[in-house]
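First comes the structure, then the notes that go with it.
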Amino acid sequence: MRLYEVQATEYNGEQEYSQSKLLAAENIDRAWQIARDYFRQWYDDGDEPEEHNTDNPDEFEFLNGCIRLRINSITETTLERWKQQQVLLHSIGNCQ
């Protein structure tokens, strides 16, 4: 198993929210499949997960298109590197 970081962006019409998720997969193709399955169910809006699909396999729509979520990238990482990035991303000031 390898570790992968998934970078995604949620768009709600007024703001954008970046998401970083860590997942384990056998290879990069399996990592993309896991990420797509996960984000396809990002909101429980009562629709079937397949109804969130768009023409882009890496983009999903929720609440009749009011919210979109796009997978931007998936990269192989280590647990230590991912934790360091999370601390930097969520810290105020210099917390290295």
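Ligands are numbered from 1 in the order shown, residues from 1 within each chain, and chains are lettered A, B, ... in the order they appear in the structure tokens.
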Exercise. If we count only C-alpha atoms, what is near stretch 13-23 of chain A at a cut-off of 8 Å, once residues fewer than 2 positions away on the same chain are taken out, given as a list in words?
Worked result: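 Contacts, with the query itself left out: Leu3, Tyr4, Glu5, Val6, Gln7, Ala8, Thr9, Glu10, Tyr11, Ala25, Ala31, Cys66, Ile67 and Trp82 of chain A.
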Exercise. Restricting the calculation to only C-alpha atoms, which member of A:Asn12, A:Phe60, A:Val87, A:Met1 is positioned closest to A:Trp42?
Worked result: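 Of A:Asn12, A:Phe60, A:Val87, A:Met1, the one nearest A:Trp42, counting only C-alpha atoms, is A:Phe60.
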For this session: Considering only C-alpha atoms, return as a list in words whatever protein or nucleic-acid residues lie within 12 Å of A:Asp37, sequence-local ones (same chain, fewer than 6 positions apart) excluded.
Result: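 Counting only C-alpha atoms, the residues come to Arg30, Ala31, Pro49, Glu50, His52, Asn53, Pro57, Asp58, Glu59, Phe60 and Ile71 of chain A.
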For this session: Between A:Asn27, A:Gln41, A:Gln84, A:Ser91, single out the one closest to A:Glu61, counting only C-alpha atoms.
Result: A:Gln41
List every residue of stretch 15-78 of chain A that DSSP, applied to the backbone of this structure, places in helix (DSSP H, G or I), and write the result as a CSV table (one decimal) with N, CA and C atoms, in the first residue's frame.
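Generated file (result-v2.csv):
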```csv
chain,number,residue,atom,x,y,z
A,28,ILE,N,-1.7,4.5,-8.2
A,28,ILE,CA,-2.4,5.8,-8.4
A,28,ILE,C,-3.8,5.6,-9.1
A,29,ASP,N,-3.9,4.6,-9.9
A,29,ASP,CA,-5.3,4.4,-10.5
A,29,ASP,C,-6.3,4.1,-9.5
A,30,ARG,N,-5.9,3.2,-8.6
A,30,ARG,CA,-6.9,2.8,-7.5
A,30,ARG,C,-7.1,4.1,-6.6
A,31,ALA,N,-6.1,4.9,-6.4
A,31,ALA,CA,-6.3,6.1,-5.6
A,31,ALA,C,-7.3,7.0,-6.2
A,32,TRP,N,-7.2,7.2,-7.5
A,32,TRP,CA,-8.2,8.0,-8.2
A,32,TRP,C,-9.6,7.4,-8.0
A,33,GLN,N,-9.8,6.1,-8.1
A,33,GLN,CA,-11.1,5.5,-8.0
A,33,GLN,C,-11.6,5.7,-6.6
A,34,ILE,N,-10.8,5.5,-5.6
A,34,ILE,CA,-11.2,5.7,-4.2
A,34,ILE,C,-11.6,7.2,-4.0
A,35,ALA,N,-10.8,8.1,-4.5
A,35,ALA,CA,-11.2,9.5,-4.3
A,35,ALA,C,-12.5,9.9,-5.0
A,36,ARG,N,-12.7,9.4,-6.2
A,36,ARG,CA,-13.9,9.7,-6.9
A,36,ARG,C,-15.1,9.1,-6.1
A,37,ASP,N,-15.0,7.9,-5.6
A,37,ASP,CA,-16.1,7.3,-4.9
A,37,ASP,C,-16.4,8.1,-3.6
A,38,TYR,N,-15.3,8.6,-2.9
A,38,TYR,CA,-15.5,9.3,-1.7
A,38,TYR,C,-16.2,10.7,-2.0
A,39,PHE,N,-15.6,11.4,-2.9
A,39,PHE,CA,-16.2,12.8,-3.1
A,39,PHE,C,-17.5,12.8,-3.8
A,49,PRO,N,-25.7,8.6,-5.4
A,49,PRO,CA,-24.3,9.1,-5.8
A,49,PRO,C,-24.1,9.3,-7.3
A,50,GLU,N,-24.6,8.4,-8.1
A,50,GLU,CA,-24.4,8.6,-9.6
A,50,GLU,C,-25.0,9.9,-10.1
A,51,GLU,N,-26.0,10.4,-9.4
A,51,GLU,CA,-26.7,11.6,-9.9
A,51,GLU,C,-25.8,12.9,-9.7
A,52,HIS,N,-24.7,12.7,-9.0
A,52,HIS,CA,-23.7,13.8,-8.7
A,52,HIS,C,-22.7,13.9,-9.8
```
Exercise. Any idea what the distance is between atom CA of A:Asp47 and atom CA of A:Arg68?
Worked result: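 About the pair atom CA of A:Asp47 and atom CA of A:Arg68: they are 14.4 Å apart.
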For this session: From the DSSP assignment of the backbone, select every residue of chain A that is strand (DSSP E or B), and format the answer as a PyMOL selection string.
Result: chain A and resi 2-11+16-25+53+59-62+67-77
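Minimum distance to A:Ile74 across A:Arg40, A:Asn56, A:Asp45, A:Ala24 (counting only C-alpha atoms) occurs at A:Ala24.
Taking atom CA of A:Arg70 and atom CA of A:Leu89 as endpoints, the distance between them is 19.4 Å.
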Exercise. When you draw a straight line from atom CA of A:Arg2 to atom CA of A:Glu76, how long is it in Å?
Worked result: 7.2 Å
